[in-house]
file model.cif (mmCIF, C-alpha atoms)
data_my_file
loop_
_atom_site.label_atom_id
_atom_site.label_comp_id
_atom_site.auth_asym_id
_atom_site.auth_seq_id
_atom_site.Cartn_x
_atom_site.Cartn_y
_atom_site.Cartn_z
CA ALA B 21 -35.99 -14.77 26.86
CA ASN B 22 -32.82 -13.02 25.89
CA GLY B 23 -31.24 -13.11 22.45
CA ASN B 24 -33.53 -15.98 21.42
CA ALA B 25 -32.24 -18.07 24.32
CA VAL B 26 -35.42 -19.28 25.99
CA THR B 27 -34.45 -21.58 28.84
CA ALA B 28 -37.88 -23.12 29.40
CA ASN B 29 -40.96 -23.63 27.31
CA SER B 30 -42.96 -20.39 27.33
CA TYR B 31 -46.59 -20.54 26.23
CA VAL B 32 -48.80 -17.71 25.05
CA ALA B 33 -52.42 -17.75 23.89
CA ASN B 34 -55.01 -15.31 22.64
CA ALA B 35 -58.13 -14.67 24.69
CA TRP B 36 -60.14 -17.33 22.85
CA GLY B 37 -57.47 -20.00 23.17
CA ASN B 38 -57.65 -20.84 19.47
CA THR B 39 -54.02 -19.94 18.80
CA THR B 40 -51.30 -20.88 21.24
CA ALA B 41 -47.55 -20.76 20.81
CA ASP B 42 -44.64 -22.55 22.41
CA LEU B 43 -41.35 -20.63 22.36
CA TRP B 44 -38.33 -22.83 22.83
CA GLY B 45 -34.76 -21.89 21.91
CA SER B 46 -34.90 -20.68 18.33
CA TRP B 47 -38.27 -22.39 17.66
CA LEU B 48 -41.68 -20.81 17.36
CA ARG B 49 -44.32 -23.55 17.47
CA LEU B 50 -47.90 -22.58 16.71
CA TYR B 51 -50.79 -24.78 17.84
CA SER B 52 -53.87 -23.64 15.97
CA ASP B 53 -56.98 -24.99 14.28
CA ALA B 54 -57.37 -21.87 12.14
CA SER B 55 -57.98 -22.52 8.45
CA THR B 56 -55.23 -20.16 7.20
CA THR B 57 -51.73 -19.36 8.34
CA SER B 58 -52.50 -15.65 8.32
CA ALA B 59 -55.28 -16.31 10.86
CA MET B 60 -52.83 -18.34 12.95
CA PHE B 61 -50.39 -15.42 13.06
CA SER B 62 -53.23 -12.98 13.66
CA GLY B 63 -54.16 -15.00 16.74
CA LEU B 64 -50.54 -14.93 17.86
CA SER B 65 -50.43 -11.17 17.35
CA THR B 66 -53.46 -10.84 19.64
CA ALA B 67 -51.76 -13.00 22.24
CA LEU B 68 -48.49 -11.08 22.18
CA GLY B 69 -49.81 -7.58 21.61
CA SER B 70 -46.84 -5.26 21.20
CA ASN B 71 -44.45 -7.85 22.66
CA SER B 72 -43.01 -8.97 19.35
CA GLY B 73 -39.45 -9.05 18.12
CA SER B 74 -36.48 -11.39 18.13
CA ASP B 75 -36.85 -12.47 21.77
CA LEU B 76 -40.35 -13.79 21.02
CA LEU B 77 -39.35 -15.21 17.60
CA TYR B 78 -42.18 -13.23 16.04
CA SER B 79 -42.03 -10.03 14.07
CA GLY B 80 -44.98 -8.32 12.44
CA SER B 81 -46.95 -11.00 10.61
CA GLY B 82 -44.31 -13.72 10.51
CA ILE B 83 -41.39 -15.36 12.23
CA ALA B 84 -38.33 -13.40 13.25
CA SER B 85 -35.07 -13.77 11.37
CA GLY B 86 -33.10 -16.78 12.54
CA ALA B 87 -36.13 -18.66 13.90
CA SER B 88 -37.52 -22.03 12.87
CA LEU B 89 -41.28 -22.52 12.63
CA GLY B 90 -43.49 -25.42 13.64
CA ILE B 91 -47.23 -25.51 12.98
CA VAL B 92 -49.41 -28.17 14.58
CA SER B 93 -53.03 -28.23 13.42
CA GLY B 94 -55.85 -30.47 14.61
CA ASN B 95 -58.27 -29.07 12.03
CA THR B 96 -59.56 -32.01 9.97
CA GLY B 97 -60.49 -29.50 7.29
CA GLY B 98 -56.81 -28.65 7.00
CA PHE B 99 -55.39 -25.21 6.36
CA THR B 100 -54.06 -22.97 3.61
CA ILE B 101 -50.70 -21.23 3.57
CA ASP B 102 -52.09 -17.88 2.41
CA ALA B 103 -49.15 -15.68 3.39
CA ALA B 104 -45.51 -16.34 2.65
CA LEU B 105 -43.67 -18.39 5.27
CA ASN B 106 -39.96 -17.59 5.24
CA ALA B 107 -37.61 -19.35 7.63
CA GLY B 108 -34.54 -18.55 5.56
CA SER B 109 -32.04 -21.39 5.96
CA ASN B 110 -33.85 -22.74 9.03
CA ILE B 111 -36.60 -25.35 9.47
CA ILE B 112 -40.34 -25.33 8.82
CA SER B 113 -42.21 -28.31 10.28
CA LEU B 114 -45.91 -28.81 9.46
CA ASP B 115 -48.06 -31.37 11.30
CA ALA B 116 -51.64 -31.40 10.03
CA ALA B 117 -54.85 -33.42 10.40
CA GLY B 118 -56.31 -32.57 6.99
CA PRO B 119 -55.39 -31.22 3.55
CA VAL B 120 -52.76 -28.48 3.37
CA THR B 121 -52.67 -26.21 0.34
CA GLN B 122 -50.94 -22.96 -0.49
CA SER B 123 -51.56 -19.67 -2.24
CA ALA B 124 -48.26 -18.19 -1.02
CA PRO B 125 -44.74 -19.65 -1.11
CA LEU B 126 -42.57 -21.43 1.46
CA THR B 127 -38.89 -20.70 2.01
CA ALA B 128 -36.92 -23.02 4.28
CA GLY B 129 -33.56 -24.69 4.47
CA SER B 130 -35.44 -27.81 5.58
CA LEU B 131 -39.11 -28.77 5.41
CA GLU B 132 -40.77 -31.54 7.43
CA LEU B 133 -44.32 -32.70 6.58
CA LEU B 134 -46.20 -34.80 9.13
CA GLY B 135 -49.69 -36.08 9.91
CA SER B 136 -51.18 -39.47 9.10
CA LEU B 137 -54.51 -37.83 8.16
CA ALA B 138 -52.94 -35.02 6.17
CA ASN B 139 -52.11 -34.57 2.52
CA TYR B 140 -50.03 -31.75 1.12
CA THR B 141 -50.41 -29.85 -2.14
CA LEU B 142 -47.53 -27.39 -2.06
CA ASP B 143 -47.24 -26.68 -5.76
CA SER B 144 -46.15 -23.04 -5.83
CA THR B 145 -43.28 -22.62 -8.28
CA ALA B 146 -41.95 -19.91 -5.95
CA ASN B 147 -41.18 -22.39 -3.15
CA VAL B 148 -37.52 -22.50 -2.10
CA ILE B 149 -36.79 -25.65 -0.09
CA GLY B 150 -33.38 -27.15 0.57
CA THR B 151 -34.13 -30.53 2.18
CA LEU B 152 -37.46 -32.34 2.40
CA ALA B 153 -38.54 -35.14 4.73
CA ALA B 154 -42.08 -36.38 5.29
CA ASN B 155 -44.22 -39.04 6.91
CA THR B 156 -47.81 -38.33 5.92
CA GLY B 157 -50.45 -38.82 3.21
CA ALA B 158 -50.29 -37.83 -0.46
CA ILE B 159 -47.72 -35.17 -1.36
CA THR B 160 -47.41 -32.85 -4.34
CA LEU B 161 -44.54 -30.41 -4.00
CA ALA B 162 -42.73 -27.99 -6.32
CA ASP B 163 -39.39 -26.33 -5.67
CA SER B 164 -37.86 -23.46 -7.63
CA SER B 165 -34.32 -24.56 -6.79
CA ASN B 166 -32.34 -27.71 -5.99
CA LEU B 167 -34.16 -30.18 -3.74
CA THR B 168 -32.69 -32.90 -1.55
CA ILE B 169 -34.71 -35.73 -0.03
CA GLY B 170 -32.96 -36.30 3.26
CA THR B 171 -33.43 -36.09 7.02
CA VAL B 172 -35.19 -33.25 8.84
CA LEU B 173 -35.26 -33.47 12.63
CA THR B 174 -36.18 -37.14 13.28
CA THR B 175 -37.85 -37.80 9.91
CA ALA B 176 -35.80 -39.49 7.18
CA GLY B 177 -36.85 -39.58 3.54
CA VAL B 178 -40.41 -39.29 2.26
CA THR B 179 -42.95 -41.89 3.37
CA SER B 180 -46.49 -41.43 2.10
CA SER B 181 -49.70 -43.41 2.35
CA GLY B 182 -50.71 -41.92 -1.01
CA ALA B 183 -49.11 -40.76 -4.23
CA VAL B 184 -45.96 -38.62 -4.28
CA THR B 185 -45.05 -36.01 -6.90
CA LEU B 186 -41.91 -33.97 -6.35
CA GLU B 187 -40.74 -31.39 -8.89
CA ALA B 188 -37.50 -29.40 -8.66
CA ALA B 189 -36.48 -26.71 -11.12
CA GLY B 190 -32.84 -27.59 -10.38
CA ASN B 191 -31.25 -30.85 -9.26
CA LEU B 192 -33.20 -33.46 -7.32
CA THR B 193 -31.06 -35.50 -4.94
CA ILE B 194 -32.06 -38.49 -2.83
CA ALA B 195 -29.54 -38.63 -0.01
CA SER B 196 -28.00 -41.82 1.29
CA GLY B 197 -30.29 -43.40 3.86
CA ALA B 198 -33.37 -41.65 2.46
CA GLN B 199 -36.07 -43.11 0.23
CA VAL B 200 -39.27 -41.90 -1.41
CA THR B 201 -42.05 -44.40 -0.69
CA ALA B 202 -45.67 -44.13 -1.84
CA GLY B 203 -48.71 -45.97 -0.53
CA GLY B 204 -49.73 -49.33 -1.95
CA GLY B 205 -50.52 -49.08 -5.66
CA GLN B 206 -49.67 -45.34 -5.73
CA ASP B 207 -47.12 -43.64 -7.97
CA VAL B 208 -43.90 -41.84 -7.15
CA VAL B 209 -43.20 -39.15 -9.75
CA LEU B 210 -39.88 -37.30 -9.56
CA ALA B 211 -39.21 -34.39 -11.92
CA ALA B 212 -36.07 -32.28 -12.18
CA GLY B 213 -35.02 -29.47 -14.46
CA GLY B 214 -31.42 -30.40 -13.65
CA ASN B 215 -29.86 -33.71 -12.66
CA PHE B 216 -31.15 -36.66 -10.68
CA VAL B 217 -28.73 -37.82 -7.99
CA HIS B 218 -29.75 -41.13 -6.38
CA ASN B 219 -27.39 -41.87 -3.51
CA GLU B 220 -29.75 -44.63 -2.33
CA GLY B 221 -29.46 -46.53 -5.62
CA THR B 222 -32.32 -48.68 -6.91
CA ALA B 223 -34.15 -48.39 -3.57
CA ALA B 224 -34.40 -44.60 -3.86
CA ALA B 225 -38.04 -44.55 -5.07
CA GLN B 226 -40.64 -47.16 -4.20
CA GLY B 227 -44.12 -46.98 -5.66
CA ALA B 228 -46.26 -48.53 -8.36
CA GLY B 229 -43.85 -49.43 -11.12
CA GLY B 230 -40.91 -48.50 -8.88
CA GLY B 231 -41.37 -44.76 -9.38
CA ARG B 232 -41.14 -42.57 -12.46
CA ARG B 233 -38.78 -39.79 -13.42
CA ARG B 234 -39.40 -37.03 -15.89
#
call {"tool": "encode", "arguments": {"input": "model.cif", "output": "structure tokens"}}
result
Amino acid sequence: ANGNAVTANSYVANAWGNTTADLWGSWLRLYSDASTTSAMFSGLSTALGSNSGSDLLYSGSGIASGASLGIVSGNTGGFTIDAALNAGSNIISLDAAGPVTQSAPLTAGSLELLGSLANYTLDSTANVIGTLAANTGAITLADSSNLTIGTVLTTAGVTSSGAVTLEAAGNLTIASGAQVTAGGGQDVVLAAGGNFVHNEGTAAAQGAGGGRRR
């Protein structure tokens, strides 16, 4: 690795194998069944020892500046974001097998939520998220700024097998080509402190009653 330019997938793991990481380009991808994100990064710290810094996309207890973060969890009990995750204007992608909650905020230019068995309760009013895309279970999400429902990596819009509640302190925009779709009989609730911008027209929100705004 040199200047964050990793030319092949590089894997590291702690001695117990319960936290592994894949370093690729500007991405740090953690594979861990730990129940908290701080435990995931603690496992990574054990794996890397003193070999942290920009080349390894890891610095101290979090990701290095300029890196995007992916977390893949097979823990059916889910996990808690218990320490702030800050990717700046870059991407955070979460792929879970159980409920994901938070006691610390997320900051990302783009956020992707995945996992057919997952549901996400990311209701911290300190979250700062630019663009959201998801294909997962029920979602409750709060954003302290403007929020756009759009495309993140290969995921377009928000598709949920459960209910969807999205709250933005600023404007809430649904980009062209993106929709918010809840599971059968479930509600879509969209709340904005600013303006609603529906570039997808009447198809923007699909749920019981066609979705609600407040």
call {"tool": "resolve_selection", "arguments": {"input": "model.cif", "expression": "the PyMOL selection byres ((chain B and resi 172) around 12)", "output": "PyMOL selection string"}}
result
chain B and resi 110-114+128-134+149-155+168-171+173-178+195+198
call {"tool": "write_last_selection", "arguments": {"input": "model.cif", "atoms": "C-alpha atoms", "output": "PDB file, in the coordinates of the input"}}
result
ATOM      1  CA  ASN B 110     -33.850 -22.740   9.030  1.00  0.00           C
ATOM      2  CA  ILE B 111     -36.600 -25.350   9.470  1.00  0.00           C
ATOM      3  CA  ILE B 112     -40.340 -25.330   8.820  1.00  0.00           C
ATOM      4  CA  SER B 113     -42.210 -28.310  10.280  1.00  0.00           C
ATOM      5  CA  LEU B 114     -45.910 -28.810   9.460  1.00  0.00           C
ATOM      6  CA  ALA B 128     -36.920 -23.020   4.280  1.00  0.00           C
ATOM      7  CA  GLY B 129     -33.560 -24.690   4.470  1.00  0.00           C
ATOM      8  CA  SER B 130     -35.440 -27.810   5.580  1.00  0.00           C
ATOM      9  CA  LEU B 131     -39.110 -28.770   5.410  1.00  0.00           C
ATOM     10  CA  GLU B 132     -40.770 -31.540   7.430  1.00  0.00           C
ATOM     11  CA  LEU B 133     -44.320 -32.700   6.580  1.00  0.00           C
ATOM     12  CA  LEU B 134     -46.200 -34.800   9.130  1.00  0.00           C
ATOM     13  CA  ILE B 149     -36.790 -25.650  -0.090  1.00  0.00           C
ATOM     14  CA  GLY B 150     -33.380 -27.150   0.570  1.00  0.00           C
ATOM     15  CA  THR B 151     -34.130 -30.530   2.180  1.00  0.00           C
ATOM     16  CA  LEU B 152     -37.460 -32.340   2.400  1.00  0.00           C
ATOM     17  CA  ALA B 153     -38.540 -35.140   4.730  1.00  0.00           C
ATOM     18  CA  ALA B 154     -42.080 -36.380   5.290  1.00  0.00           C
ATOM     19  CA  ASN B 155     -44.220 -39.040   6.910  1.00  0.00           C
ATOM     20  CA  THR B 168     -32.690 -32.900  -1.550  1.00  0.00           C
ATOM     21  CA  ILE B 169     -34.710 -35.730  -0.030  1.00  0.00           C
ATOM     22  CA  GLY B 170     -32.960 -36.300   3.260  1.00  0.00           C
ATOM     23  CA  THR B 171     -33.430 -36.090   7.020  1.00  0.00           C
ATOM     24  CA  LEU B 173     -35.260 -33.470  12.630  1.00  0.00           C
ATOM     25  CA  THR B 174     -36.180 -37.140  13.280  1.00  0.00           C
ATOM     26  CA  THR B 175     -37.850 -37.800   9.910  1.00  0.00           C
ATOM     27  CA  ALA B 176     -35.800 -39.490   7.180  1.00  0.00           C
ATOM     28  CA  GLY B 177     -36.850 -39.580   3.540  1.00  0.00           C
ATOM     29  CA  VAL B 178     -40.410 -39.290   2.260  1.00  0.00           C
ATOM     30  CA  ALA B 195     -29.540 -38.630  -0.010  1.00  0.00           C
ATOM     31  CA  ALA B 198     -33.370 -41.650   2.460  1.00  0.00           C
TER      32      ALA B 198
END
call {"tool": "resolve_selection", "arguments": {"input": "model.cif", "expression": "the PyMOL selection byres ((chain B and resi 140) around 12)", "output": "ChimeraX atom specification"}}
result
/B:98-101,114-122,132-139,141-144,154-162,180-186
call {"tool": "atom_distance", "arguments": {"input": "model.cif", "atom1": "atom CA of Gly94 of chain B", "atom2": "atom CA of Trp47 of chain B"}}
result
19.6 Å
call {"tool": "closest_residue", "arguments": {"input": "model.cif", "among": "B:Ser62, B:Ser88, B:Ser165, B:Gln206", "to": "Leu48 of chain B", "atoms": "only C-alpha atoms"}}
result
B:Ser88
call {"tool": "closest_residue", "arguments": {"input": "model.cif", "among": "B:Asn219, B:Asn147, B:Thr201, B:Ser93", "to": "Ala188 of chain B", "atoms": "all atoms listed in the file"}}
result
B:Asn147
call {"tool": "resolve_selection", "arguments": {"input": "model.cif", "expression": "the PyMOL selection byres ((chain B and resi 126) around 8)", "output": "PyMOL selection string"}}
result
chain B and resi 104-106+124-125+127-128+146-149
call {"tool": "write_last_selection", "arguments": {"input": "model.cif", "atoms": "C-alpha atoms", "output": "mmCIF file, in the frame of the given file"}}
result
data_model
loop_
_atom_site.group_PDB
_atom_site.id
_atom_site.type_symbol
_atom_site.label_atom_id
_atom_site.label_comp_id
_atom_site.auth_asym_id
_atom_site.auth_seq_id
_atom_site.Cartn_x
_atom_site.Cartn_y
_atom_site.Cartn_z
ATOM 1 C CA ALA B 104 -45.510 -16.340 2.650
ATOM 2 C CA LEU B 105 -43.670 -18.390 5.270
ATOM 3 C CA ASN B 106 -39.960 -17.590 5.240
ATOM 4 C CA ALA B 124 -48.260 -18.190 -1.020
ATOM 5 C CA PRO B 125 -44.740 -19.650 -1.110
ATOM 6 C CA THR B 127 -38.890 -20.700 2.010
ATOM 7 C CA ALA B 128 -36.920 -23.020 4.280
ATOM 8 C CA ALA B 146 -41.950 -19.910 -5.950
ATOM 9 C CA ASN B 147 -41.180 -22.390 -3.150
ATOM 10 C CA VAL B 148 -37.520 -22.500 -2.100
ATOM 11 C CA ILE B 149 -36.790 -25.650 -0.090
#
call {"tool": "atom_distance", "arguments": {"input": "model.cif", "atom1": "atom CA of Phe216 of chain B", "atom2": "atom CA of Ser109 of chain B"}}
result
22.6 Å
call {"tool": "atom_distance", "arguments": {"input": "model.cif", "atom1": "atom CA of Leu89 of chain B", "atom2": "atom CA of Ala107 of chain B"}}
result
7.0 Å
call {"tool": "closest_residue", "arguments": {"input": "model.cif", "among": "B:Gly204, B:Ile194, B:Asp53, B:Ala211", "to": "Ser164 of chain B", "atoms": "only C-alpha atoms"}}
result
B:Ala211
call {"tool": "residues_around", "arguments": {"input": "model.cif", "residues": "Asn215 of chain B", "least_positions_apart": "2", "cutoff": "9 Å", "atoms": "all atoms listed in the file", "output": "list in words"}}
result
Gly190, Asn191, Leu192, Thr193, Ala212, Gly213 and Val217 of chain B
